[in-house]
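Report on the following structure.
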Amino acid sequence: MSQSAIAAVTHHEVVMEASPYAMDKKKLGMWVFIVSDACSFAAFLFAYGYMRVGAPVWGTPFGFSSILNGVVMTAVLLSSSLTMLAATHASQTGEKASAGKWLGITMLLGTIFAALHLREWFKLIAEGWRLFYNPAGGAAQFGAAFFSVTGLHLTHVVTGVIVLAFIARGYRQGRYDETHVETAGLYWHFVDLVWMFVFPLMYLMNAH
Amino acid sequence: MSSNRELTMSSYVGIGIGLMVIVLIEVILTYQHLPTRTLLFSVLSLACLEAFVAIMYLMHVKYERPLLFWTIFPATLFVFVFLCYIWPDAFRMFSMRLLQ
């Protein structure tokens, strides 16, 4: 045992081996969560594909206006990833005010994304689409697949906005540090990453 | 520990624009009236490319120790491959369904 380790034991401190990943434990925990969440989304998307192949007629309810709305939503979410990177960078360089500003912009963009998403939902609901009803006369499972997959993603976005609000508040008050901002950013980028699959599979593959 | 040292914010903006261009290519492909299988293969390939760029650069895996990549990604891909086991059953349903 090295002299420093002996000294640490003498002073009743815990001596632990360095992490082989050389990263903060919060961040490693977030990676484990991301992997498990990716498996959940993959299961949903596989189930959607399974239902689509099994259905004799599948609905294609999305016109160009819905696709355009989806493109705008993608642009908003991608921009929010960039503002999140700016917040992380600012927190790592100790610029508290700048980090708070970028976190605020990220939350705003996340809220805009959720509003656009809900607008699309209400439009479909107004057209008569339900979880188990297809007004166009095709497979009834379209509603179940669309609302469950996009609903799960929307839940992640709303949760992300709430978490970012807590992190921003704690960071401003000094309770949280830059590792908290970075870990929240990792989650936010994951939400963006999932949308890269949800948009083409749920919107583009169902465009008419 | 990860860092933003490797790329500047302008580089990240460039990556963001690149990802948006891929999305626009997906939309253009959608309106080319390709067969469903070709369109699915095309948009999924582009989505995987987007995901790879996002994981490596936005989520900074490129700047972490390689151990993180080799711990997480083979295991996740293994799960995805196993999810594919349901597919033969999907095609069994395809041949069993009533056709009018």
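Labels for the structure tokens follow display order: chains A, B, ..., residues from 1 in each chain, ligands from 1.
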If the cut-off is 8 Å, can you tell me the residues of chain A near chain B, counting only C-alpha atoms? I'd like them as JSON, numbers by chain.
{"A": [20, 21, 22, 23, 24, 35, 39, 42, 43, 46, 50, 51, 53, 54, 55, 56, 67, 71, 74, 75, 78, 79, 81, 82, 85, 86, 89, 186, 189, 190, 193, 196, 197, 200, 201, 204, 205, 207]}
Please identify which residues in chain B DSSP calls alpha helix (DSSP H) from the backbone, and express them as an NGL selection string.
:B and (9-30 or 36-53 or 66-83 or 87-96)
Kindly save the residues from that selection, with C-alpha atoms included, as a short mmCIF file (atom, residue, chain, number, x, y, z; two decimals), in the first residue's frame.
data_model
loop_
_atom_site.label_atom_id
_atom_site.label_comp_id
_atom_site.auth_asym_id
_atom_site.auth_seq_id
_atom_site.Cartn_x
_atom_site.Cartn_y
_atom_site.Cartn_z
CA MET B 9 -18.85 25.97 -31.25
CA SER B 10 -18.64 26.86 -34.95
CA SER B 11 -17.68 23.25 -35.68
CA TYR B 12 -20.73 22.08 -33.73
CA VAL B 13 -22.93 24.45 -35.72
CA GLY B 14 -21.47 22.90 -38.88
CA ILE B 15 -22.35 19.43 -37.57
CA GLY B 16 -25.89 20.63 -36.77
CA ILE B 17 -26.29 22.00 -40.31
CA GLY B 18 -24.97 18.71 -41.72
CA LEU B 19 -27.53 16.75 -39.69
CA MET B 20 -30.31 19.05 -40.93
CA VAL B 21 -29.18 18.48 -44.54
CA ILE B 22 -29.50 14.71 -43.97
CA VAL B 23 -33.07 15.25 -42.69
CA LEU B 24 -33.90 17.26 -45.84
CA ILE B 25 -32.47 14.44 -48.00
CA GLU B 26 -34.80 12.04 -46.15
CA VAL B 27 -37.78 14.29 -46.93
CA ILE B 28 -36.80 14.55 -50.61
CA LEU B 29 -36.48 10.76 -50.81
CA THR B 30 -39.96 10.42 -49.28
CA THR B 36 -41.63 1.03 -49.40
CA ARG B 37 -38.70 -1.33 -48.83
CA THR B 38 -36.23 0.96 -50.64
CA LEU B 39 -37.51 4.03 -48.80
CA LEU B 40 -37.30 2.24 -45.44
CA PHE B 41 -33.74 1.10 -46.13
CA SER B 42 -32.74 4.62 -47.29
CA VAL B 43 -34.21 6.58 -44.40
CA LEU B 44 -33.00 4.07 -41.81
CA SER B 45 -29.46 4.16 -43.23
CA LEU B 46 -29.49 7.97 -43.11
CA ALA B 47 -30.94 7.92 -39.58
CA CYS B 48 -28.13 5.55 -38.48
CA LEU B 49 -25.58 7.93 -40.01
CA GLU B 50 -27.16 10.86 -38.13
CA ALA B 51 -27.19 8.86 -34.90
CA PHE B 52 -23.52 7.92 -35.32
CA VAL B 53 -22.51 11.57 -35.82
CA PRO B 66 -12.50 3.78 -26.03
CA LEU B 67 -13.58 1.51 -23.15
CA LEU B 68 -16.90 3.39 -22.96
CA PHE B 69 -17.62 2.70 -26.63
CA TRP B 70 -16.62 -0.98 -26.37
CA THR B 71 -18.64 -1.51 -23.19
CA ILE B 72 -21.87 0.10 -24.33
CA PHE B 73 -22.29 -0.26 -28.07
CA PRO B 74 -21.69 -3.97 -28.73
CA ALA B 75 -24.12 -4.82 -25.88
CA THR B 76 -26.77 -2.41 -27.21
CA LEU B 77 -26.39 -3.70 -30.77
CA PHE B 78 -26.71 -7.24 -29.40
CA VAL B 79 -30.10 -6.31 -27.89
CA PHE B 80 -31.22 -4.71 -31.18
CA VAL B 81 -30.18 -7.80 -33.14
CA PHE B 82 -32.13 -9.99 -30.75
CA LEU B 83 -35.19 -7.76 -31.23
CA TRP B 87 -39.41 -10.27 -37.62
CA PRO B 88 -39.92 -13.78 -39.04
CA ASP B 89 -43.17 -13.87 -37.06
CA ALA B 90 -44.22 -10.54 -38.59
CA PHE B 91 -43.80 -12.03 -42.06
CA ARG B 92 -45.66 -15.18 -40.98
CA MET B 93 -48.58 -12.87 -40.11
CA PHE B 94 -48.18 -11.26 -43.55
CA SER B 95 -48.75 -14.59 -45.28
CA MET B 96 -51.55 -15.61 -42.90
#
Gap from CA of Gly100 in chain A to CA of Ala38 in chain A - Å, one decimal
28.6 Å
Please provide the set of residues having any atom within 7 Å of range 124-134 of chain A, restricted to only C-alpha atoms, with same-chain residues fewer than 5 positions apart removed, written as a PDB file with C-alpha atoms, in the first residue's frame.
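Below is the file that was written, selection-v4.pdb:
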ATOM      1  CA  ALA A 139     -55.392  -0.611 -39.915  1.00  0.00           C
ATOM      2  CA  ALA A 140     -56.639   0.603 -36.535  1.00  0.00           C
ATOM      3  CA  GLN A 141     -53.176   0.060 -35.038  1.00  0.00           C
ATOM      4  CA  GLY A 143     -53.107   5.408 -33.906  1.00  0.00           C
ATOM      5  CA  ALA A 144     -51.773   3.105 -31.187  1.00  0.00           C
ATOM      6  CA  PHE A 147     -49.462   8.066 -30.261  1.00  0.00           C
TER       7      PHE A 147
END
I'd like the neighbourhood of range 108-111 of chain A as a PyMOL selection string, where a residue qualifies if any of its atoms comes within 9 Å (using only C-alpha atoms), though same-chain residues fewer than 3 positions away should be ignored.
chain A and resi 76-77+79-80+103-105+114-116+157-158+160-161
Counting only C-alpha atoms, what is within 8 Å of Gly185 in chain A, bar same-chain residues fewer than 2 positions away, as a list in words?
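In the requested format, the answer is Ser81, Met84, Leu85, Thr88, Val181, Glu182, Thr183, Tyr187, Trp188 and His189 of chain A.
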Kindly export the residues of the current selection with N, CA and C atoms, as a PDB file, in the first residue's frame.
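Result written to result01.pdb:
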ATOM      1  N   SER A  81     -30.048  21.146 -29.250  1.00  0.00           N
ATOM      2  CA  SER A  81     -28.832  20.375 -28.920  1.00  0.00           C
ATOM      3  C   SER A  81     -27.605  21.281 -28.966  1.00  0.00           C
ATOM      4  N   MET A  84     -27.584  23.495 -26.006  1.00  0.00           N
ATOM      5  CA  MET A  84     -27.190  22.703 -24.825  1.00  0.00           C
ATOM      6  C   MET A  84     -25.671  22.544 -24.777  1.00  0.00           C
ATOM      7  N   LEU A  85     -25.068  22.338 -25.967  1.00  0.00           N
ATOM      8  CA  LEU A  85     -23.603  22.260 -26.029  1.00  0.00           C
ATOM      9  C   LEU A  85     -22.981  23.576 -25.572  1.00  0.00           C
ATOM     10  N   THR A  88     -23.167  23.709 -21.840  1.00  0.00           N
ATOM     11  CA  THR A  88     -22.147  22.839 -21.236  1.00  0.00           C
ATOM     12  C   THR A  88     -20.776  23.508 -21.301  1.00  0.00           C
ATOM     13  N   VAL A 181     -24.580  19.878 -15.359  1.00  0.00           N
ATOM     14  CA  VAL A 181     -25.011  20.453 -16.647  1.00  0.00           C
ATOM     15  C   VAL A 181     -24.631  19.499 -17.774  1.00  0.00           C
ATOM     16  N   GLU A 182     -23.422  18.964 -17.714  1.00  0.00           N
ATOM     17  CA  GLU A 182     -22.945  18.061 -18.771  1.00  0.00           C
ATOM     18  C   GLU A 182     -23.791  16.778 -18.820  1.00  0.00           C
ATOM     19  N   THR A 183     -24.139  16.251 -17.644  1.00  0.00           N
ATOM     20  CA  THR A 183     -24.934  15.020 -17.585  1.00  0.00           C
ATOM     21  C   THR A 183     -26.342  15.262 -18.131  1.00  0.00           C
ATOM     22  N   TYR A 187     -28.384  13.646 -21.665  1.00  0.00           N
ATOM     23  CA  TYR A 187     -29.779  13.195 -21.784  1.00  0.00           C
ATOM     24  C   TYR A 187     -30.472  13.944 -22.921  1.00  0.00           C
ATOM     25  N   TRP A 188     -30.247  15.246 -22.981  1.00  0.00           N
ATOM     26  CA  TRP A 188     -30.914  16.063 -23.998  1.00  0.00           C
ATOM     27  C   TRP A 188     -30.495  15.633 -25.408  1.00  0.00           C
ATOM     28  N   HIS A 189     -29.204  15.356 -25.596  1.00  0.00           N
ATOM     29  CA  HIS A 189     -28.735  14.898 -26.913  1.00  0.00           C
ATOM     30  C   HIS A 189     -29.355  13.549 -27.254  1.00  0.00           C
TER      31      HIS A 189
END
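Rounded to one decimal, CA of Val15 in chain A and CA of Ala184 in chain A lie 28.3 Å from each other.
For the residues A:Gly70, A:Gly29, A:Gly138, A:Gly94, ranking by smallest atom-to-atom distance to Trp58 in chain A using only C-alpha atoms places A:Gly138 first.
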So, counting only C-alpha atoms, which residue among A:Tyr176, A:Phe146, A:Phe64, A:Trp102 is closest to Trp121 in chain A?
A:Phe146
